[in-house]
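The structure under discussion appears below in the form of C-alpha cells.
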Amino acid sequence: MAEVHLAAGTVEYQDTGGDGPVVVLLHGVAMDGSLWRTVVARLGSEFRCVVPTLPLGGHRTPMKADADLSIPGVARLVAEFLDELDLRDVTLVMSDWGGAQALVALGRDERVGRLVITSCEAFDNFPPGVPGSNLYTSAKMPGGINFAFKLLKWKPMRRLPMTWGWMSKRPVPHEVMDAWFEPLWTSAEIRRDLRKYVLGVPPKEELLAWAEKLRDFDRPALVVWAAEDKVMPLAHGRRLAELLPKSELVEIADSYTLIPEDQPEQLATHLRSWLRTGSAVG
C-alpha cells in the first residue's frame, strides 16, 4: 500500500501502475479498497487501477481531529486525492458510497472523464436502507458504534438484514470482513471518524439538489445496479441513468448492493467493454 498526505490526513491506496487508462475505484462505509480485489485482478493488466481506502471506518490511520468527514468533506477529499496524484481523465467508479452527487454539485469533478455508479446511496437514501438506519441510530448513542461493531465479531450477526445480510447476497469471506472491521474494533479515533461521516448527512432538500446537479455532468456515465438490491432501490439506478445526459444503464441479476462481491466477473466484463468501446453490453 502506498499513502498520500491530504489536508484531512493520510490516505492509503493501491496502485497497479502501468500506462493504461486510469480507473479509480471507491468503496463504502466500514470496508476498504479490498472490496475491489476481484475486479482489479481482472482489469489490472489493461488499466491502471487506483484504489484508495477512504476514511469511512475501514481505514487504519485516523484522520486529523478537525477533519471534515461529512459527505461533502469526503467528496472534497476524493478530489484532493486525484489532485495530489495528478490523475487526469479518470474513470471514477463507486460502490455503496454515493459521493458522486456531492462531487459534481461542488464542481470538483474536473479530473473525472467518465463516471461509473454501481449500486450506491442516491437521492435522499442517506444513510441507506435498514443497515444505514441501524448505523445512524448507533452513531447517535454514546459508545453506539463501538457496541454495534463489537457485535459483528460474532459471525452469525453479519448476515442479519440490519447489518450486512442485505449488502451482499453471498457472504463476504470472514477474513476480508475481519480486516474491514479491525480498525473499528481497536481504535477510538477510527470510530470517531466514522461517527463524523454517519452523522454528517445534510437535509433531504440538499441531497436532492445534489442529485439534480448530475444533469450537468456532460461526460460518459455508466450506471450499474443490482436487480435484487434491498438497500439501494433499483428505481434509483434507473432515475440516475435518466438524469445523467450521456449514460448507459446495466442491471445485474443475482446480486445485492455489493456487486464487486456478488458478481465481480460480470462487473469487470461490463467495465472493460464500456471503457474499450463505449458500450457496456459490447
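To be explicit about the labels: the chains of the C-alpha cells are called A, B, and onward in the order shown, and within each one the residues are counted from 1, while ligands get numbers from 1 in the order they are shown.
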
Quick one: everything within 12 Å of Pro203 of chain A, counting only C-alpha atoms, minus sequence neighbours fewer than 3 positions away in the same chain. Send it as JSON, numbers by chain.
{"A": [71, 123, 124, 125, 126, 127, 199, 200, 206, 207, 208, 209, 210]}

Would you write out, as JSON lines, a table of all residues in segment 82-189 of chain A that have an atom no more than 8 Å from an atom of segment 212-225 of chain A, listing for each the closest atom pair and the distance in Å to one decimal, considering only C-alpha atoms and ordering rows by chain and rising residue number?
```
{"residue": "A:Gln101", "atom": "CA", "partner": "A:Leu214", "partner_atom": "CA", "distance": 6.5}
{"residue": "A:Val104", "atom": "CA", "partner": "A:Leu214", "partner_atom": "CA", "distance": 6.5}
{"residue": "A:Ala105", "atom": "CA", "partner": "A:Lys213", "partner_atom": "CA", "distance": 5.5}
{"residue": "A:Gly113", "atom": "CA", "partner": "A:Arg219", "partner_atom": "CA", "distance": 6.3}
{"residue": "A:Arg114", "atom": "CA", "partner": "A:Pro220", "partner_atom": "CA", "distance": 5.1}
{"residue": "A:Leu115", "atom": "CA", "partner": "A:Ala221", "partner_atom": "CA", "distance": 4.6}
{"residue": "A:Val116", "atom": "CA", "partner": "A:Leu222", "partner_atom": "CA", "distance": 4.7}
{"residue": "A:Ile117", "atom": "CA", "partner": "A:Val223", "partner_atom": "CA", "distance": 4.9}
{"residue": "A:Thr118", "atom": "CA", "partner": "A:Val224", "partner_atom": "CA", "distance": 4.5}
{"residue": "A:Ser119", "atom": "CA", "partner": "A:Trp225", "partner_atom": "CA", "distance": 4.8}
```

If you keep all heavy atoms, can you produce a file of those selected residues as a PDB file, in the first residue's frame?
```pdb
ATOM      1  N   GLN A 101     -22.830  12.554  -6.272  1.00  0.00           N
ATOM      2  CA  GLN A 101     -23.720  13.710  -6.243  1.00  0.00           C
ATOM      3  C   GLN A 101     -22.995  14.935  -5.701  1.00  0.00           C
ATOM      4  O   GLN A 101     -23.057  16.021  -6.263  1.00  0.00           O
ATOM      5  CB  GLN A 101     -24.942  13.410  -5.367  1.00  0.00           C
ATOM      6  CG  GLN A 101     -25.791  12.275  -5.885  1.00  0.00           C
ATOM      7  CD  GLN A 101     -26.924  11.931  -4.921  1.00  0.00           C
ATOM      8  OE1 GLN A 101     -28.061  11.855  -5.327  1.00  0.00           O
ATOM      9  NE2 GLN A 101     -26.620  11.723  -3.666  1.00  0.00           N
ATOM     10  N   VAL A 104     -19.964  16.298  -8.014  1.00  0.00           N
ATOM     11  CA  VAL A 104     -20.428  17.089  -9.151  1.00  0.00           C
ATOM     12  C   VAL A 104     -21.030  18.407  -8.679  1.00  0.00           C
ATOM     13  O   VAL A 104     -20.746  19.478  -9.235  1.00  0.00           O
ATOM     14  CB  VAL A 104     -21.437  16.289  -9.990  1.00  0.00           C
ATOM     15  CG1 VAL A 104     -22.042  17.156 -11.090  1.00  0.00           C
ATOM     16  CG2 VAL A 104     -20.762  15.051 -10.601  1.00  0.00           C
ATOM     17  N   ALA A 105     -21.849  18.352  -7.626  1.00  0.00           N
ATOM     18  CA  ALA A 105     -22.501  19.565  -7.136  1.00  0.00           C
ATOM     19  C   ALA A 105     -21.492  20.594  -6.643  1.00  0.00           C
ATOM     20  O   ALA A 105     -21.715  21.811  -6.784  1.00  0.00           O
ATOM     21  CB  ALA A 105     -23.479  19.215  -6.021  1.00  0.00           C
ATOM     22  N   GLY A 113     -13.135  11.982 -16.217  1.00  0.00           N
ATOM     23  CA  GLY A 113     -13.515  11.904 -17.618  1.00  0.00           C
ATOM     24  C   GLY A 113     -14.730  11.029 -17.855  1.00  0.00           C
ATOM     25  O   GLY A 113     -15.499  11.242 -18.799  1.00  0.00           O
ATOM     26  N   ARG A 114     -14.920  10.027 -16.974  1.00  0.00           N
ATOM     27  CA  ARG A 114     -16.042   9.102 -17.061  1.00  0.00           C
ATOM     28  C   ARG A 114     -16.451   8.725 -15.646  1.00  0.00           C
ATOM     29  O   ARG A 114     -15.604   8.632 -14.753  1.00  0.00           O
ATOM     30  CB  ARG A 114     -15.648   7.841 -17.849  1.00  0.00           C
ATOM     31  CG  ARG A 114     -15.452   8.063 -19.349  1.00  0.00           C
ATOM     32  CD  ARG A 114     -14.658   6.947 -19.986  1.00  0.00           C
ATOM     33  NE  ARG A 114     -13.313   6.887 -19.427  1.00  0.00           N
ATOM     34  CZ  ARG A 114     -12.314   7.675 -19.809  1.00  0.00           C
ATOM     35  NH1 ARG A 114     -12.506   8.565 -20.769  1.00  0.00           N
ATOM     36  NH2 ARG A 114     -11.116   7.585 -19.261  1.00  0.00           N
ATOM     37  N   LEU A 115     -17.739   8.502 -15.470  1.00  0.00           N
ATOM     38  CA  LEU A 115     -18.275   8.201 -14.145  1.00  0.00           C
ATOM     39  C   LEU A 115     -19.014   6.874 -14.186  1.00  0.00           C
ATOM     40  O   LEU A 115     -19.838   6.643 -15.074  1.00  0.00           O
ATOM     41  CB  LEU A 115     -19.229   9.322 -13.718  1.00  0.00           C
ATOM     42  CG  LEU A 115     -19.860   9.237 -12.330  1.00  0.00           C
ATOM     43  CD1 LEU A 115     -18.793   9.300 -11.242  1.00  0.00           C
ATOM     44  CD2 LEU A 115     -20.870  10.375 -12.157  1.00  0.00           C
ATOM     45  N   VAL A 116     -18.716   6.004 -13.228  1.00  0.00           N
ATOM     46  CA  VAL A 116     -19.409   4.727 -13.101  1.00  0.00           C
ATOM     47  C   VAL A 116     -20.020   4.659 -11.707  1.00  0.00           C
ATOM     48  O   VAL A 116     -19.303   4.736 -10.702  1.00  0.00           O
ATOM     49  CB  VAL A 116     -18.469   3.526 -13.315  1.00  0.00           C
ATOM     50  CG1 VAL A 116     -19.243   2.216 -13.187  1.00  0.00           C
ATOM     51  CG2 VAL A 116     -17.790   3.616 -14.680  1.00  0.00           C
ATOM     52  N   ILE A 117     -21.332   4.534 -11.659  1.00  0.00           N
ATOM     53  CA  ILE A 117     -22.042   4.452 -10.381  1.00  0.00           C
ATOM     54  C   ILE A 117     -22.654   3.066 -10.272  1.00  0.00           C
ATOM     55  O   ILE A 117     -23.574   2.719 -11.006  1.00  0.00           O
ATOM     56  CB  ILE A 117     -23.143   5.519 -10.288  1.00  0.00           C
ATOM     57  CG1 ILE A 117     -22.556   6.919 -10.482  1.00  0.00           C
ATOM     58  CG2 ILE A 117     -23.860   5.426  -8.959  1.00  0.00           C
ATOM     59  CD1 ILE A 117     -23.600   8.024 -10.501  1.00  0.00           C
ATOM     60  N   THR A 118     -22.105   2.238  -9.376  1.00  0.00           N
ATOM     61  CA  THR A 118     -22.732   0.952  -9.106  1.00  0.00           C
ATOM     62  C   THR A 118     -23.581   1.106  -7.852  1.00  0.00           C
ATOM     63  O   THR A 118     -23.431   2.066  -7.102  1.00  0.00           O
ATOM     64  CB  THR A 118     -21.696  -0.171  -8.942  1.00  0.00           C
ATOM     65  OG1 THR A 118     -21.088  -0.086  -7.658  1.00  0.00           O
ATOM     66  CG2 THR A 118     -20.622  -0.090 -10.021  1.00  0.00           C
ATOM     67  N   SER A 119     -24.480   0.204  -7.606  1.00  0.00           N
ATOM     68  CA  SER A 119     -25.481   0.334  -6.540  1.00  0.00           C
ATOM     69  C   SER A 119     -24.944   1.122  -5.345  1.00  0.00           C
ATOM     70  O   SER A 119     -23.990   0.690  -4.690  1.00  0.00           O
ATOM     71  CB  SER A 119     -25.915  -1.052  -6.062  1.00  0.00           C
ATOM     72  OG  SER A 119     -26.702  -1.693  -7.035  1.00  0.00           O
TER      73      SER A 119
END
```

Where in segment 92-192 of chain A does DSSP assign strand (DSSP E), given as a short mmCIF file (atom, residue, chain, number, x, y, z; two decimals) with C-alpha atoms, in the first residue's frame?
```cif
data_model
loop_
_atom_site.label_atom_id
_atom_site.label_comp_id
_atom_site.auth_asym_id
_atom_site.auth_seq_id
_atom_site.Cartn_x
_atom_site.Cartn_y
_atom_site.Cartn_z
CA LEU A 92 -14.26 7.18 -11.32
CA VAL A 93 -16.07 4.07 -10.10
CA MET A 94 -18.05 3.97 -6.88
CA SER A 95 -19.90 1.30 -4.94
CA ASP A 96 -22.17 1.82 -1.91
CA VAL A 112 -13.19 12.90 -13.99
CA GLY A 113 -13.52 11.90 -17.62
CA ARG A 114 -16.04 9.10 -17.06
CA LEU A 115 -18.28 8.20 -14.15
CA VAL A 116 -19.41 4.73 -13.10
CA ILE A 117 -22.04 4.45 -10.38
CA THR A 118 -22.73 0.95 -9.11
CA SER A 119 -25.48 0.33 -6.54
CA CYS A 120 -24.99 3.12 -4.03
#
```

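By only C-alpha atoms, and with residues fewer than 6 positions from segment 136-142 of chain A along its chain excluded, the set lying at most 9 Å from it is Pro127, Ala148, Leu194, Arg195, Lys196, Val198 and Leu199 of chain A.
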
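Every protein or nucleic acid residue with an atom no more than 9 Å from Gly57 of chain A, counting only C-alpha atoms and leaving out same-chain residues fewer than 5 positions away, appears here: Val29, Ala30, Met31, Asp32, Trp180, Phe181, Pro183, Leu184, Ile190, Arg191, Arg192, Asp193, Leu194 and Arg195 of chain A.
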
Write the residues you've just listed into a file as a PDB file, in the first residue's frame, and include C-alpha atoms for each of them.
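Okay, again.pdb is ready:
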```
ATOM      1  CA  VAL A  29     -18.758   2.516   4.851  1.00  0.00           C
ATOM      2  CA  ALA A  30     -16.851   0.108   7.129  1.00  0.00           C
ATOM      3  CA  MET A  31     -14.822  -1.504   4.378  1.00  0.00           C
ATOM      4  CA  ASP A  32     -11.637  -0.766   2.472  1.00  0.00           C
ATOM      5  CA  TRP A 180     -12.566  -4.289   7.345  1.00  0.00           C
ATOM      6  CA  PHE A 181     -13.747  -4.183  10.956  1.00  0.00           C
ATOM      7  CA  PRO A 183      -9.770  -0.640  12.804  1.00  0.00           C
ATOM      8  CA  LEU A 184     -13.216  -0.054  14.329  1.00  0.00           C
ATOM      9  CA  ILE A 190     -11.350   5.454  13.731  1.00  0.00           C
ATOM     10  CA  ARG A 191     -14.762   5.136  15.389  1.00  0.00           C
ATOM     11  CA  ARG A 192     -14.768   8.928  15.810  1.00  0.00           C
ATOM     12  CA  ASP A 193     -14.076   9.341  12.091  1.00  0.00           C
ATOM     13  CA  LEU A 194     -16.909   7.010  11.105  1.00  0.00           C
ATOM     14  CA  ARG A 195     -19.300   8.726  13.502  1.00  0.00           C
TER      15      ARG A 195
END
```

Where in segment 87-219 of chain A does DSSP assign alpha helix (DSSP H), given as a PyMOL selection string?
chain A and resi 100-105+129-140+144-151+174-186+188-199+204-213

Restrict the selected residues to C-alpha atoms and save them as a tab-separated table (two decimals), in the first residue's frame.
```tsv
chain	number	residue	atom	x	y	z
A	100	ALA	CA	-20.84	11.36	-6.95
A	101	GLN	CA	-23.72	13.71	-6.24
A	102	ALA	CA	-21.62	15.89	-3.94
A	103	LEU	CA	-18.51	15.76	-6.14
A	104	VAL	CA	-20.43	17.09	-9.15
A	105	ALA	CA	-22.50	19.56	-7.14
A	129	GLY	CA	-31.92	1.30	3.93
A	130	VAL	CA	-32.20	-0.82	7.05
A	131	PRO	CA	-28.44	-1.19	7.71
A	132	GLY	CA	-27.89	2.54	7.20
A	133	SER	CA	-30.70	3.40	9.62
A	134	ASN	CA	-29.26	0.98	12.17
A	135	LEU	CA	-25.79	2.53	11.86
A	136	TYR	CA	-27.21	6.05	12.15
A	137	THR	CA	-29.08	5.12	15.33
A	138	SER	CA	-25.90	3.59	16.76
A	139	ALA	CA	-23.86	6.70	15.91
A	140	LYS	CA	-26.23	8.93	17.87
A	144	GLY	CA	-23.03	3.02	19.98
A	145	ILE	CA	-20.63	2.43	17.10
A	146	ASN	CA	-18.26	0.52	19.36
A	147	PHE	CA	-21.09	-1.73	20.55
A	148	ALA	CA	-22.52	-2.24	17.05
A	149	PHE	CA	-19.24	-3.40	15.56
A	150	LYS	CA	-18.21	-5.48	18.56
A	151	LEU	CA	-21.38	-7.50	17.90
A	174	HIS	CA	-14.83	-13.69	7.06
A	175	GLU	CA	-11.13	-12.90	6.75
A	176	VAL	CA	-12.00	-9.97	4.48
A	177	MET	CA	-14.66	-8.66	6.87
A	178	ASP	CA	-12.32	-9.11	9.82
A	179	ALA	CA	-9.81	-6.82	8.09
A	180	TRP	CA	-12.57	-4.29	7.34
A	181	PHE	CA	-13.75	-4.18	10.96
A	182	GLU	CA	-10.39	-4.43	12.76
A	183	PRO	CA	-9.77	-0.64	12.80
A	184	LEU	CA	-13.22	-0.05	14.33
A	185	TRP	CA	-12.64	-2.79	16.91
A	186	THR	CA	-9.29	-1.37	18.04
A	188	ALA	CA	-11.47	5.05	19.20
A	189	GLU	CA	-10.19	7.58	16.66
A	190	ILE	CA	-11.35	5.45	13.73
A	191	ARG	CA	-14.76	5.14	15.39
A	192	ARG	CA	-14.77	8.93	15.81
A	193	ASP	CA	-14.08	9.34	12.09
A	194	LEU	CA	-16.91	7.01	11.11
A	195	ARG	CA	-19.30	8.73	13.50
A	196	LYS	CA	-18.50	12.08	11.88
A	197	TYR	CA	-19.41	10.70	8.49
A	198	VAL	CA	-22.59	8.92	9.55
A	199	LEU	CA	-23.92	11.99	11.36
A	204	LYS	CA	-33.16	15.95	2.36
A	205	GLU	CA	-33.57	19.10	0.26
A	206	GLU	CA	-29.80	19.47	-0.12
A	207	LEU	CA	-29.34	15.82	-1.04
A	208	LEU	CA	-31.99	16.06	-3.77
A	209	ALA	CA	-30.43	19.27	-5.09
A	210	TRP	CA	-27.11	17.46	-5.40
A	211	ALA	CA	-28.77	14.72	-7.42
A	212	GLU	CA	-30.24	17.28	-9.80
A	213	LYS	CA	-26.74	18.62	-10.48
```

Counting only C-alpha atoms, which residues of segment 48-130 of chain A sit at most 6 Å from some atom of segment 14-23 of chain A, and what is each one's closest atom pair with its distance in Å to one decimal, listed by chain and rising residue number, as JSON lines?
```
{"residue": "A:Arg48", "atom": "CA", "partner": "A:Val22", "partner_atom": "CA", "distance": 4.8}
{"residue": "A:Cys49", "atom": "CA", "partner": "A:Val23", "partner_atom": "CA", "distance": 4.9}
{"residue": "A:Val50", "atom": "CA", "partner": "A:Asp15", "partner_atom": "CA", "distance": 4.5}
{"residue": "A:Val51", "atom": "CA", "partner": "A:Gln14", "partner_atom": "CA", "distance": 5.0}
{"residue": "A:Val90", "atom": "CA", "partner": "A:Val22", "partner_atom": "CA", "distance": 5.3}
{"residue": "A:Thr91", "atom": "CA", "partner": "A:Val23", "partner_atom": "CA", "distance": 4.7}
```

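In this model, the gap between atom CA of Lys64 of chain A and atom CA of Gly98 of chain A comes to 22.9 Å.
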